[in-house]
>>> print(open('entry-v6.pdb').read())   # PDB, C-alpha atoms, pLDDT in the B column
ATOM      1  CA  MET W   3     248.483 -35.575 -66.010  1.00 86.00           C
ATOM      2  CA  LEU W   4     245.459 -37.832 -65.592  1.00 92.00           C
ATOM      3  CA  ILE W   5     245.938 -41.400 -64.399  1.00 96.00           C
ATOM      4  CA  GLU W   6     243.346 -44.136 -64.757  1.00 97.00           C
ATOM      5  CA  LEU W   7     243.504 -46.617 -61.893  1.00 98.00           C
ATOM      6  CA  LEU W   8     242.568 -50.294 -62.083  1.00 97.00           C
ATOM      7  CA  ASP W   9     239.042 -49.527 -60.836  1.00 97.00           C
ATOM      8  CA  HIS W  10     238.698 -47.189 -63.862  1.00 96.00           C
ATOM      9  CA  THR W  11     238.552 -44.024 -61.771  1.00 98.00           C
ATOM     10  CA  MET W  12     240.440 -41.032 -63.142  1.00 97.00           C
ATOM     11  CA  TRP W  13     242.752 -38.992 -60.920  1.00 97.00           C
ATOM     12  CA  LYS W  14     244.998 -36.007 -61.400  1.00 97.00           C
ATOM     13  CA  SER W  15     248.545 -37.179 -60.661  1.00 95.00           C
ATOM     14  CA  GLU W  16     249.149 -34.269 -58.275  1.00 96.00           C
ATOM     15  CA  ASP W  17     246.033 -35.182 -56.273  1.00 97.00           C
ATOM     16  CA  LEU W  18     247.140 -38.799 -55.997  1.00 96.00           C
ATOM     17  CA  LEU W  19     250.648 -37.796 -54.932  1.00 96.00           C
ATOM     18  CA  ALA W  20     249.214 -35.589 -52.198  1.00 96.00           C
ATOM     19  CA  ARG W  21     246.963 -38.388 -50.934  1.00 97.00           C
ATOM     20  CA  MET W  22     249.848 -40.884 -51.058  1.00 96.00           C
ATOM     21  CA  GLN W  23     251.515 -39.119 -48.135  1.00 92.00           C
ATOM     22  CA  ASP W  24     248.830 -40.748 -45.984  1.00 93.00           C
ATOM     23  CA  ASP W  25     249.875 -44.348 -45.311  1.00 90.00           C
ATOM     24  CA  SER W  26     246.279 -45.455 -44.833  1.00 92.00           C
ATOM     25  CA  PHE W  27     245.534 -44.315 -48.400  1.00 96.00           C
ATOM     26  CA  TYR W  28     248.798 -45.621 -49.876  1.00 95.00           C
ATOM     27  CA  TYR W  29     248.602 -49.068 -48.271  1.00 92.00           C
ATOM     28  CA  GLY W  30     244.811 -49.173 -48.289  1.00 93.00           C
ATOM     29  CA  TYR W  31     242.773 -48.046 -51.284  1.00 95.00           C
ATOM     30  CA  LEU W  32     245.722 -47.433 -53.601  1.00 96.00           C
ATOM     31  CA  SER W  33     247.202 -50.893 -53.007  1.00 94.00           C
ATOM     32  CA  LYS W  34     244.112 -52.423 -54.625  1.00 95.00           C
ATOM     33  CA  VAL W  35     243.852 -50.105 -57.640  1.00 97.00           C
ATOM     34  CA  ALA W  36     247.479 -49.611 -58.662  1.00 98.00           C
ATOM     35  CA  PHE W  37     250.260 -52.101 -59.191  1.00 98.00           C
ATOM     36  CA  SER W  38     253.405 -52.075 -57.063  1.00 97.00           C
ATOM     37  CA  SER W  39     256.666 -53.986 -57.120  1.00 97.00           C
ATOM     38  CA  SER W  40     255.357 -56.344 -54.421  1.00 95.00           C
ATOM     39  CA  SER W  41     252.053 -57.028 -56.181  1.00 96.00           C
ATOM     40  CA  VAL W  42     253.651 -57.764 -59.567  1.00 97.00           C
ATOM     41  CA  LYS W  43     256.162 -60.096 -57.905  1.00 97.00           C
ATOM     42  CA  THR W  44     253.167 -62.128 -56.748  1.00 96.00           C
ATOM     43  CA  LEU W  45     251.507 -61.879 -60.150  1.00 97.00           C
ATOM     44  CA  TYR W  46     254.702 -63.082 -61.811  1.00 97.00           C
ATOM     45  CA  SER W  47     255.605 -65.980 -59.527  1.00 95.00           C
ATOM     46  CA  LYS W  48     252.328 -66.937 -57.771  1.00 95.00           C
ATOM     47  CA  PRO W  49     249.443 -65.339 -59.694  1.00 95.00           C
ATOM     48  CA  LYS W  50     246.801 -67.485 -57.999  1.00 93.00           C
ATOM     49  CA  GLU W  51     247.700 -65.866 -54.667  1.00 94.00           C
ATOM     50  CA  TYR W  52     247.319 -62.289 -55.932  1.00 93.00           C
ATOM     51  CA  GLU W  53     243.865 -61.495 -54.506  1.00 91.00           C
ATOM     52  CA  LYS W  54     244.749 -63.015 -51.155  1.00 90.00           C
ATOM     53  CA  SER W  55     247.901 -60.892 -51.004  1.00 90.00           C
ATOM     54  CA  LEU W  56     245.846 -57.692 -51.342  1.00 87.00           C
ATOM     55  CA  THR W  57     243.947 -58.335 -48.116  1.00 85.00           C
ATOM     56  CA  LYS W  58     246.768 -59.897 -46.094  1.00 83.00           C
ATOM     57  CA  ASP W  59     247.854 -57.670 -43.192  1.00 78.00           C
ATOM     58  CA  LEU W  60     251.627 -58.001 -42.918  1.00 77.00           C
ATOM     59  CA  SER W  61     252.205 -54.980 -40.696  1.00 76.00           C
ATOM     60  CA  ASN W  62     252.686 -57.062 -37.551  1.00 79.00           C
ATOM     61  CA  VAL W  63     254.760 -59.870 -39.064  1.00 87.00           C
ATOM     62  CA  PRO W  64     257.952 -59.862 -36.950  1.00 88.00           C
ATOM     63  CA  ALA W  65     260.373 -59.567 -39.900  1.00 89.00           C
ATOM     64  CA  ILE W  66     258.395 -56.740 -41.495  1.00 91.00           C
ATOM     65  CA  ARG W  67     257.894 -54.973 -38.175  1.00 93.00           C
ATOM     66  CA  PHE W  68     261.624 -55.133 -37.457  1.00 94.00           C
ATOM     67  CA  GLY W  69     262.519 -54.088 -41.013  1.00 94.00           C
ATOM     68  CA  ARG W  70     260.265 -51.050 -40.737  1.00 95.00           C
ATOM     69  CA  LEU W  71     262.012 -50.031 -37.529  1.00 97.00           C
ATOM     70  CA  PHE W  72     265.440 -50.488 -39.122  1.00 97.00           C
ATOM     71  CA  HIS W  73     264.478 -48.337 -42.117  1.00 97.00           C
ATOM     72  CA  THR W  74     263.148 -45.630 -39.818  1.00 97.00           C
ATOM     73  CA  ALA W  75     266.310 -45.633 -37.678  1.00 97.00           C
ATOM     74  CA  VAL W  76     268.596 -45.344 -40.713  1.00 98.00           C
ATOM     75  CA  LEU W  77     266.553 -43.155 -43.043  1.00 97.00           C
ATOM     76  CA  GLU W  78     264.236 -41.118 -40.799  1.00 97.00           C
ATOM     77  CA  PRO W  79     265.616 -41.237 -37.228  1.00 96.00           C
ATOM     78  CA  HIS W  80     263.594 -38.160 -36.232  1.00 95.00           C
ATOM     79  CA  LYS W  81     260.459 -40.282 -36.566  1.00 96.00           C
ATOM     80  CA  LEU W  82     261.491 -42.717 -33.849  1.00 97.00           C
ATOM     81  CA  LYS W  83     260.065 -40.416 -31.172  1.00 95.00           C
ATOM     82  CA  GLU W  84     257.103 -39.380 -33.306  1.00 94.00           C
ATOM     83  CA  ASP W  85     255.935 -42.801 -34.446  1.00 96.00           C
ATOM     84  CA  TYR W  86     257.238 -45.268 -31.866  1.00 97.00           C
ATOM     85  CA  LEU W  87     256.888 -46.185 -28.233  1.00 97.00           C
ATOM     86  CA  PHE W  88     259.583 -48.463 -26.805  1.00 98.00           C
ATOM     87  CA  LEU W  89     258.978 -50.549 -23.692  1.00 97.00           C
ATOM     88  CA  ASP W  90     261.677 -51.956 -21.439  1.00 96.00           C
ATOM     89  CA  VAL W  91     259.979 -55.318 -20.963  1.00 95.00           C
ATOM     90  CA  LYS W  92     261.211 -58.771 -21.917  1.00 92.00           C
ATOM     91  CA  SER W  93     258.421 -59.739 -24.304  1.00 92.00           C
ATOM     92  CA  ARG W  94     255.118 -58.743 -25.855  1.00 92.00           C
ATOM     93  CA  LYS W  95     253.339 -61.293 -23.712  1.00 92.00           C
ATOM     94  CA  THR W  96     252.988 -58.906 -20.755  1.00 94.00           C
ATOM     95  CA  GLN W  97     250.193 -56.762 -19.377  1.00 95.00           C
ATOM     96  CA  THR W  98     252.453 -53.719 -19.734  1.00 95.00           C
ATOM     97  CA  TYR W  99     252.759 -54.310 -23.457  1.00 94.00           C
ATOM     98  CA  ASP W 100     249.032 -54.965 -23.940  1.00 95.00           C
ATOM     99  CA  LEU W 101     248.162 -51.805 -22.025  1.00 96.00           C
ATOM    100  CA  ALA W 102     250.621 -49.665 -23.993  1.00 96.00           C
ATOM    101  CA  LEU W 103     249.245 -51.073 -27.239  1.00 94.00           C
ATOM    102  CA  SER W 104     245.659 -50.183 -26.333  1.00 95.00           C
ATOM    103  CA  GLU W 105     246.584 -46.708 -25.054  1.00 97.00           C
ATOM    104  CA  ASN W 106     248.728 -45.779 -28.062  1.00 96.00           C
ATOM    105  CA  PRO W 107     246.773 -46.760 -31.198  1.00 93.00           C
ATOM    106  CA  ASN W 108     248.675 -44.273 -33.361  1.00 92.00           C
ATOM    107  CA  LYS W 109     252.141 -45.504 -32.455  1.00 95.00           C
ATOM    108  CA  PHE W 110     254.194 -48.574 -33.228  1.00 95.00           C
ATOM    109  CA  VAL W 111     254.787 -50.223 -29.860  1.00 96.00           C
ATOM    110  CA  MET W 112     258.041 -52.194 -29.765  1.00 96.00           C
ATOM    111  CA  LEU W 113     260.568 -53.454 -27.260  1.00 97.00           C
ATOM    112  CA  GLN W 114     263.597 -51.464 -26.126  1.00 97.00           C
ATOM    113  CA  SER W 115     265.713 -54.526 -26.919  1.00 97.00           C
ATOM    114  CA  GLU W 116     264.578 -54.305 -30.556  1.00 97.00           C
ATOM    115  CA  LEU W 117     265.626 -50.662 -30.722  1.00 97.00           C
ATOM    116  CA  ASP W 118     268.989 -51.568 -29.184  1.00 97.00           C
ATOM    117  CA  GLU W 119     269.503 -54.240 -31.837  1.00 96.00           C
ATOM    118  CA  VAL W 120     268.550 -51.838 -34.631  1.00 97.00           C
ATOM    119  CA  ASN W 121     270.896 -49.146 -33.337  1.00 97.00           C
ATOM    120  CA  TYR W 122     273.707 -51.720 -33.246  1.00 97.00           C
ATOM    121  CA  MET W 123     272.978 -52.686 -36.868  1.00 97.00           C
ATOM    122  CA  LYS W 124     272.745 -49.040 -37.902  1.00 97.00           C
ATOM    123  CA  GLU W 125     276.344 -48.452 -36.841  1.00 97.00           C
ATOM    124  CA  PHE W 126     277.572 -50.743 -39.612  1.00 98.00           C
ATOM    125  CA  ILE W 127     275.754 -48.566 -42.170  1.00 98.00           C
ATOM    126  CA  ASP W 128     276.965 -45.334 -40.560  1.00 97.00           C
ATOM    127  CA  PHE W 129     280.595 -46.458 -40.491  1.00 97.00           C
ATOM    128  CA  ASP W 130     280.616 -47.723 -44.087  1.00 98.00           C
ATOM    129  CA  VAL W 131     281.910 -44.835 -46.189  1.00 98.00           C
ATOM    130  CA  ARG W 132     280.218 -46.049 -49.372  1.00 98.00           C
ATOM    131  CA  ALA W 133     276.815 -46.495 -47.757  1.00 98.00           C
ATOM    132  CA  SER W 134     277.018 -43.200 -45.871  1.00 96.00           C
ATOM    133  CA  LYS W 135     277.840 -41.347 -49.078  1.00 97.00           C
ATOM    134  CA  LEU W 136     274.948 -42.954 -50.921  1.00 98.00           C
ATOM    135  CA  LEU W 137     272.536 -42.092 -48.094  1.00 97.00           C
ATOM    136  CA  SER W 138     273.292 -38.356 -48.189  1.00 96.00           C
ATOM    137  CA  ASN W 139     272.104 -35.376 -50.225  1.00 97.00           C
ATOM    138  CA  GLY W 140     268.766 -36.964 -51.000  1.00 98.00           C
ATOM    139  CA  ARG W 141     265.246 -37.474 -49.656  1.00 98.00           C
ATOM    140  CA  SER W 142     263.844 -40.386 -47.656  1.00 97.00           C
ATOM    141  CA  GLU W 143     260.609 -42.298 -48.253  1.00 96.00           C
ATOM    142  CA  VAL W 144     259.560 -40.491 -51.430  1.00 97.00           C
ATOM    143  CA  ALA W 145     256.250 -41.592 -52.946  1.00 96.00           C
ATOM    144  CA  GLY W 146     255.907 -41.784 -56.701  1.00 97.00           C
ATOM    145  CA  LEU W 147     253.446 -42.947 -59.322  1.00 96.00           C
ATOM    146  CA  GLY W 148     253.314 -43.376 -63.061  1.00 96.00           C
ATOM    147  CA  MET W 149     252.115 -45.421 -65.993  1.00 97.00           C
ATOM    148  CA  ILE W 150     254.195 -48.396 -67.157  1.00 98.00           C
ATOM    149  CA  TYR W 151     252.974 -50.379 -70.154  1.00 98.00           C
ATOM    150  CA  GLU W 152     249.788 -48.295 -69.865  1.00 97.00           C
ATOM    151  CA  GLN W 153     249.169 -49.562 -66.321  1.00 98.00           C
ATOM    152  CA  PRO W 154     249.120 -47.521 -63.071  1.00 98.00           C
ATOM    153  CA  PHE W 155     251.986 -48.105 -60.634  1.00 98.00           C
ATOM    154  CA  ARG W 156     252.793 -46.782 -57.177  1.00 98.00           C
ATOM    155  CA  ALA W 157     256.174 -46.808 -55.467  1.00 98.00           C
ATOM    156  CA  LYS W 158     257.929 -45.489 -52.407  1.00 97.00           C
ATOM    157  CA  ALA W 159     261.680 -44.956 -52.729  1.00 98.00           C
ATOM    158  CA  ASP W 160     263.750 -45.569 -49.603  1.00 98.00           C
ATOM    159  CA  TYR W 161     266.139 -42.794 -50.601  1.00 98.00           C
ATOM    160  CA  LEU W 162     265.894 -40.659 -53.741  1.00 98.00           C
ATOM    161  CA  LYS W 163     268.857 -38.740 -55.115  1.00 98.00           C
ATOM    162  CA  SER W 164     269.081 -36.651 -58.266  1.00 96.00           C
ATOM    163  CA  ASP W 165     270.595 -39.508 -60.271  1.00 95.00           C
ATOM    164  CA  MET W 166     269.582 -42.707 -58.485  1.00 98.00           C
ATOM    165  CA  ILE W 167     267.451 -44.519 -55.950  1.00 98.00           C
ATOM    166  CA  VAL W 168     269.100 -46.143 -52.932  1.00 98.00           C
ATOM    167  CA  ASP W 169     267.291 -49.113 -51.406  1.00 98.00           C
ATOM    168  CA  LEU W 170     268.170 -50.540 -48.012  1.00 98.00           C
ATOM    169  CA  LYS W 171     268.021 -54.307 -47.514  1.00 97.00           C
ATOM    170  CA  THR W 172     269.046 -56.733 -44.774  1.00 95.00           C
ATOM    171  CA  THR W 173     269.960 -60.389 -45.095  1.00 95.00           C
ATOM    172  CA  SER W 174     271.106 -63.299 -42.985  1.00 93.00           C
ATOM    173  CA  ASN W 175     273.169 -64.758 -45.835  1.00 93.00           C
ATOM    174  CA  MET W 176     275.100 -62.261 -47.940  1.00 95.00           C
ATOM    175  CA  ASP W 177     276.687 -64.943 -50.138  1.00 93.00           C
ATOM    176  CA  GLU W 178     273.286 -66.055 -51.437  1.00 95.00           C
ATOM    177  CA  TRP W 179     271.740 -62.585 -51.635  1.00 95.00           C
ATOM    178  CA  ILE W 180     272.501 -61.801 -55.278  1.00 92.00           C
ATOM    179  CA  TYR W 181     270.993 -65.048 -56.570  1.00 95.00           C
ATOM    180  CA  ASP W 182     267.955 -64.766 -54.293  1.00 95.00           C
ATOM    181  CA  ALA W 183     267.467 -61.096 -55.170  1.00 96.00           C
ATOM    182  CA  LYS W 184     266.822 -61.968 -58.788  1.00 93.00           C
ATOM    183  CA  HIS W 185     265.306 -65.453 -58.680  1.00 93.00           C
ATOM    184  CA  LYS W 186     263.468 -65.538 -55.337  1.00 94.00           C
ATOM    185  CA  TRP W 187     262.559 -61.972 -54.364  1.00 96.00           C
ATOM    186  CA  HIS W 188     262.565 -60.497 -57.886  1.00 97.00           C
ATOM    187  CA  TYR W 189     264.205 -57.239 -56.880  1.00 98.00           C
ATOM    188  CA  ASP W 190     265.027 -56.752 -60.558  1.00 98.00           C
ATOM    189  CA  LEU W 191     261.315 -56.046 -61.044  1.00 98.00           C
ATOM    190  CA  GLN W 192     261.484 -53.471 -58.270  1.00 98.00           C
ATOM    191  CA  ALA W 193     264.518 -51.823 -59.861  1.00 98.00           C
ATOM    192  CA  PHE W 194     262.825 -51.641 -63.278  1.00 98.00           C
ATOM    193  CA  ILE W 195     259.615 -50.173 -61.848  1.00 98.00           C
ATOM    194  CA  TYR W 196     261.322 -47.662 -59.557  1.00 98.00           C
ATOM    195  CA  THR W 197     263.826 -46.331 -62.096  1.00 98.00           C
ATOM    196  CA  THR W 198     260.963 -45.905 -64.570  1.00 98.00           C
ATOM    197  CA  ILE W 199     258.631 -44.118 -62.160  1.00 98.00           C
ATOM    198  CA  PHE W 200     261.267 -41.809 -60.677  1.00 98.00           C
ATOM    199  CA  GLN W 201     262.980 -41.297 -64.047  1.00 97.00           C
ATOM    200  CA  VAL W 202     266.505 -42.146 -62.926  1.00 98.00           C
ATOM    201  CA  ASP W 203     268.968 -44.520 -64.560  1.00 95.00           C
ATOM    202  CA  ARG W 204     270.205 -46.365 -61.478  1.00 97.00           C
ATOM    203  CA  MET W 205     268.950 -48.142 -58.389  1.00 98.00           C
ATOM    204  CA  MET W 206     271.609 -49.115 -55.866  1.00 98.00           C
ATOM    205  CA  PHE W 207     270.915 -51.683 -53.161  1.00 98.00           C
ATOM    206  CA  VAL W 208     272.724 -51.291 -49.843  1.00 98.00           C
ATOM    207  CA  ILE W 209     272.698 -54.704 -48.165  1.00 98.00           C
ATOM    208  CA  LEU W 210     273.545 -55.347 -44.525  1.00 98.00           C
ATOM    209  CA  ASP W 211     274.291 -58.842 -43.278  1.00 96.00           C
ATOM    210  CA  LYS W 212     272.567 -58.968 -39.890  1.00 93.00           C
ATOM    211  CA  LYS W 213     274.864 -61.684 -38.580  1.00 92.00           C
ATOM    212  CA  SER W 214     278.287 -60.377 -39.569  1.00 94.00           C
ATOM    213  CA  GLY W 215     277.689 -56.645 -40.037  1.00 96.00           C
ATOM    214  CA  ARG W 216     279.095 -56.884 -43.563  1.00 97.00           C
ATOM    215  CA  VAL W 217     277.827 -54.191 -45.942  1.00 98.00           C
ATOM    216  CA  GLU W 218     277.735 -54.674 -49.709  1.00 97.00           C
ATOM    217  CA  LEU W 219     276.417 -52.686 -52.668  1.00 98.00           C
ATOM    218  CA  PHE W 220     274.569 -54.195 -55.617  1.00 97.00           C
ATOM    219  CA  GLU W 221     273.098 -52.884 -58.844  1.00 98.00           C
ATOM    220  CA  PHE W 222     271.310 -54.679 -61.687  1.00 97.00           C
ATOM    221  CA  ASN W 223     272.906 -54.099 -65.089  1.00 97.00           C
ATOM    222  CA  SER W 224     271.084 -52.855 -68.186  1.00 96.00           C
ATOM    223  CA  GLU W 225     270.501 -56.364 -69.566  1.00 97.00           C
ATOM    224  CA  GLU W 226     268.992 -57.516 -66.279  1.00 97.00           C
ATOM    225  CA  LEU W 227     266.707 -54.480 -66.197  1.00 97.00           C
ATOM    226  CA  TYR W 228     265.630 -55.167 -69.778  1.00 97.00           C
ATOM    227  CA  ASN W 229     264.764 -58.748 -68.833  1.00 97.00           C
ATOM    228  CA  ALA W 230     262.907 -57.430 -65.773  1.00 98.00           C
ATOM    229  CA  GLY W 231     260.743 -55.424 -68.146  1.00 98.00           C
ATOM    230  CA  LEU W 232     259.819 -58.675 -69.902  1.00 98.00           C
ATOM    231  CA  LYS W 233     258.986 -60.264 -66.549  1.00 98.00           C
ATOM    232  CA  LEU W 234     256.763 -57.286 -65.787  1.00 98.00           C
ATOM    233  CA  LYS W 235     254.820 -57.829 -69.031  1.00 98.00           C
ATOM    234  CA  ILE W 236     254.222 -61.443 -67.996  1.00 98.00           C
ATOM    235  CA  ALA W 237     252.972 -60.292 -64.570  1.00 98.00           C
ATOM    236  CA  ILE W 238     250.555 -57.801 -66.141  1.00 98.00           C
ATOM    237  CA  ASN W 239     249.309 -60.428 -68.593  1.00 97.00           C
ATOM    238  CA  ASN W 240     248.731 -62.778 -65.662  1.00 97.00           C
ATOM    239  CA  TYR W 241     246.587 -60.091 -63.990  1.00 97.00           C
ATOM    240  CA  TYR W 242     244.311 -59.769 -67.007  1.00 96.00           C
ATOM    241  CA  ASP W 243     244.276 -63.523 -67.600  1.00 96.00           C
ATOM    242  CA  LYS W 244     243.009 -63.910 -64.040  1.00 91.00           C
ATOM    243  CA  LYS W 245     240.294 -61.329 -64.644  1.00 90.00           C
ATOM    244  CA  ARG W 246     239.235 -63.261 -67.741  1.00 91.00           C
ATOM    245  CA  GLY W 247     239.238 -66.511 -65.797  1.00 87.00           C
ATOM    246  CA  PHE W 248     242.168 -68.075 -67.618  1.00 84.00           C
ATOM    247  CA  LEU W 249     244.226 -68.567 -64.417  1.00 80.00           C
TER     248      LEU W 249
END
>>> encode(input="entry-v6.pdb", output="structure tokens")
Amino acid sequence: MLIELLDHTMWKSEDLLARMQDDSFYYGYLSKVAFSSSSVKTLYSKPKEYEKSLTKDLSNVPAIRFGRLFHTAVLEPHKLKEDYLFLDVKSRKTQTYDLALSENPNKFVMLQSELDEVNYMKEFIDFDVRASKLLSNGRSEVAGLGMIYEQPFRAKADYLKSDMIVDLKTTSNMDEWIYDAKHKWHYDLQAFIYTTIFQVDRMMFVILDKKSGRVELFEFNSEELYNAGLKLKIAINNYYDKKRGFL
């Protein structure tokens, strides 16, 4: 299947999928020429910030850095040794940390205390029977692409099973998570896009409360996914309105 990207280049889907295994391609070139759940969230809620969001480097934002480590520990623990270097120092503001960073450009350099915290959090997922069952008999970090409303989209599923996608989230306030998920973070858009691209009916969110260790499961219903599709149309319209100078 041929896919036309936003820069009007044509690609074979199998060639794109192969290139998407390279993070520098996926988060670099492809992030600017294909929509994603994060980019359409911006287009839906803050369209004037869309271009700025494409060039913003979030890789070293503390919350994102820690979230990446947590996902790796839970979903791909074998990559901890491959991709990370952990230092037993008290902070990043040390010569030891600066030296390790310069000598290991291909690794994520983090603190041993951060790994200890992640391993502690991981135990709550491991010991929750529901979460453990969901995070088994599938594949981690699966890249996908497809056309939605005749527009190119990219996605990377945390955990792909034959009948659903499982997405791992953390929160500091479980009681407000469901409201925020829909109205603040627009995870309903993510669920609509991912279930469409990976051609599954369900997307289950596994949420861990970082403070209490409480684990909950959440899934958007069919009406919410339908409404998310309408939100996605608004986001796409905002993109083209911006290109035409209407926004």
>>> resolve_selection(input="entry-v6.pdb", expression="the PyMOL selection byres ((chain W and resi 190-207) around 9)", output="PyMOL selection string")
chain W and resi 38-40+42-43+136+146-150+155-159+162-171+183-185+187-189+208-209+218-223+226-231+233-234
>>> write_last_selection(input="entry-v6.pdb", atoms="C-alpha atoms", output="compact mmCIF listing (two decimals), in the frame of the given file")
# COMPACT_ATOMS: atom_id res chain seq x y z
CA SER W 38 253.40 -52.08 -57.06
CA SER W 39 256.67 -53.99 -57.12
CA SER W 40 255.36 -56.34 -54.42
CA VAL W 42 253.65 -57.76 -59.57
CA LYS W 43 256.16 -60.10 -57.90
CA LEU W 136 274.95 -42.95 -50.92
CA GLY W 146 255.91 -41.78 -56.70
CA LEU W 147 253.45 -42.95 -59.32
CA GLY W 148 253.31 -43.38 -63.06
CA MET W 149 252.12 -45.42 -65.99
CA ILE W 150 254.20 -48.40 -67.16
CA PHE W 155 251.99 -48.10 -60.63
CA ARG W 156 252.79 -46.78 -57.18
CA ALA W 157 256.17 -46.81 -55.47
CA LYS W 158 257.93 -45.49 -52.41
CA ALA W 159 261.68 -44.96 -52.73
CA LEU W 162 265.89 -40.66 -53.74
CA LYS W 163 268.86 -38.74 -55.12
CA SER W 164 269.08 -36.65 -58.27
CA ASP W 165 270.60 -39.51 -60.27
CA MET W 166 269.58 -42.71 -58.48
CA ILE W 167 267.45 -44.52 -55.95
CA VAL W 168 269.10 -46.14 -52.93
CA ASP W 169 267.29 -49.11 -51.41
CA LEU W 170 268.17 -50.54 -48.01
CA LYS W 171 268.02 -54.31 -47.51
CA ALA W 183 267.47 -61.10 -55.17
CA LYS W 184 266.82 -61.97 -58.79
CA HIS W 185 265.31 -65.45 -58.68
CA TRP W 187 262.56 -61.97 -54.36
CA HIS W 188 262.56 -60.50 -57.89
CA TYR W 189 264.20 -57.24 -56.88
CA VAL W 208 272.72 -51.29 -49.84
CA ILE W 209 272.70 -54.70 -48.16
CA GLU W 218 277.74 -54.67 -49.71
CA LEU W 219 276.42 -52.69 -52.67
CA PHE W 220 274.57 -54.20 -55.62
CA GLU W 221 273.10 -52.88 -58.84
CA PHE W 222 271.31 -54.68 -61.69
CA ASN W 223 272.91 -54.10 -65.09
CA GLU W 226 268.99 -57.52 -66.28
CA LEU W 227 266.71 -54.48 -66.20
CA TYR W 228 265.63 -55.17 -69.78
CA ASN W 229 264.76 -58.75 -68.83
CA ALA W 230 262.91 -57.43 -65.77
CA GLY W 231 260.74 -55.42 -68.15
CA LYS W 233 258.99 -60.26 -66.55
CA LEU W 234 256.76 -57.29 -65.79
>>> resolve_selection(input="entry-v6.pdb", expression="the PyMOL selection byres ((chain W and resi 127) around 12)", output="PDB file with C-alpha atoms, in the frame of the given file")
ATOM      1  CA  PHE W  72     265.440 -50.488 -39.122  1.00 97.00           C
ATOM      2  CA  HIS W  73     264.478 -48.337 -42.117  1.00 97.00           C
ATOM      3  CA  ALA W  75     266.310 -45.633 -37.678  1.00 97.00           C
ATOM      4  CA  VAL W  76     268.596 -45.344 -40.713  1.00 98.00           C
ATOM      5  CA  LEU W  77     266.553 -43.155 -43.043  1.00 97.00           C
ATOM      6  CA  VAL W 120     268.550 -51.838 -34.631  1.00 97.00           C
ATOM      7  CA  ASN W 121     270.896 -49.146 -33.337  1.00 97.00           C
ATOM      8  CA  TYR W 122     273.707 -51.720 -33.246  1.00 97.00           C
ATOM      9  CA  MET W 123     272.978 -52.686 -36.868  1.00 97.00           C
ATOM     10  CA  LYS W 124     272.745 -49.040 -37.902  1.00 97.00           C
ATOM     11  CA  GLU W 125     276.344 -48.452 -36.841  1.00 97.00           C
ATOM     12  CA  PHE W 126     277.572 -50.743 -39.612  1.00 98.00           C
ATOM     13  CA  ASP W 128     276.965 -45.334 -40.560  1.00 97.00           C
ATOM     14  CA  PHE W 129     280.595 -46.458 -40.491  1.00 97.00           C
ATOM     15  CA  ASP W 130     280.616 -47.723 -44.087  1.00 98.00           C
ATOM     16  CA  VAL W 131     281.910 -44.835 -46.189  1.00 98.00           C
ATOM     17  CA  ARG W 132     280.218 -46.049 -49.372  1.00 98.00           C
ATOM     18  CA  ALA W 133     276.815 -46.495 -47.757  1.00 98.00           C
ATOM     19  CA  SER W 134     277.018 -43.200 -45.871  1.00 96.00           C
ATOM     20  CA  LYS W 135     277.840 -41.347 -49.078  1.00 97.00           C
ATOM     21  CA  LEU W 136     274.948 -42.954 -50.921  1.00 98.00           C
ATOM     22  CA  LEU W 137     272.536 -42.092 -48.094  1.00 97.00           C
ATOM     23  CA  LEU W 170     268.170 -50.540 -48.012  1.00 98.00           C
ATOM     24  CA  LYS W 171     268.021 -54.307 -47.514  1.00 97.00           C
ATOM     25  CA  THR W 172     269.046 -56.733 -44.774  1.00 95.00           C
ATOM     26  CA  VAL W 208     272.724 -51.291 -49.843  1.00 98.00           C
ATOM     27  CA  ILE W 209     272.698 -54.704 -48.165  1.00 98.00           C
ATOM     28  CA  LEU W 210     273.545 -55.347 -44.525  1.00 98.00           C
ATOM     29  CA  ASP W 211     274.291 -58.842 -43.278  1.00 96.00           C
ATOM     30  CA  LYS W 212     272.567 -58.968 -39.890  1.00 93.00           C
ATOM     31  CA  GLY W 215     277.689 -56.645 -40.037  1.00 96.00           C
ATOM     32  CA  ARG W 216     279.095 -56.884 -43.563  1.00 97.00           C
ATOM     33  CA  VAL W 217     277.827 -54.191 -45.942  1.00 98.00           C
ATOM     34  CA  GLU W 218     277.735 -54.674 -49.709  1.00 97.00           C
ATOM     35  CA  LEU W 219     276.417 -52.686 -52.668  1.00 98.00           C
TER      36      LEU W 219
END
>>> resolve_selection(input="entry-v6.pdb", expression="the PyMOL selection byres ((chain W and resi 47-57) around 12)", output="PyMOL selection string")
chain W and resi 29-38+40-46+58-61+184-188+191+233-234+236-245+247-249
>>> atom_distance(input="entry-v6.pdb", atom1="atom CA of W:Pro64", atom2="atom CA of W:Arg141")
26.8 Å
>>> atom_distance(input="entry-v6.pdb", atom1="atom CA of W:Asp90", atom2="atom CA of W:Gln114")
5.1 Å
>>> atom_distance(input="entry-v6.pdb", atom1="atom CA of W:Gly69", atom2="atom CA of W:Glu119")
11.5 Å
>>> residues_around(input="entry-v6.pdb", residues="W:Lys81", least_positions_apart="2", cutoff="12 Å", atoms="all atoms listed in the file", output="PyMOL selection string")
chain W and resi 70-79+83-87+109-110+142-143
>>> residues_around(input="entry-v6.pdb", residues="W:Ala20", least_positions_apart="5", cutoff="12 Å", atoms="all atoms listed in the file", output="number ranges by chain")
W: 13-15, 25, 27-28, 144-147
>>> closest_residue(input="entry-v6.pdb", among="W:Gln23, W:Lys92, W:Pro154, W:Leu101", to="W:Leu8", atoms="all atoms listed in the file")
W:Pro154
>>> axis_aligned_box(input="entry-v6.pdb", around="stretch 44-58 of chain W", padding_each_side="6 Å", output="lines of an AutoDock Vina configuration file")
center_x = 249.7
center_y = -62.6
center_z = -54.0
size_x = 23.7
size_y = 21.8
size_z = 27.7
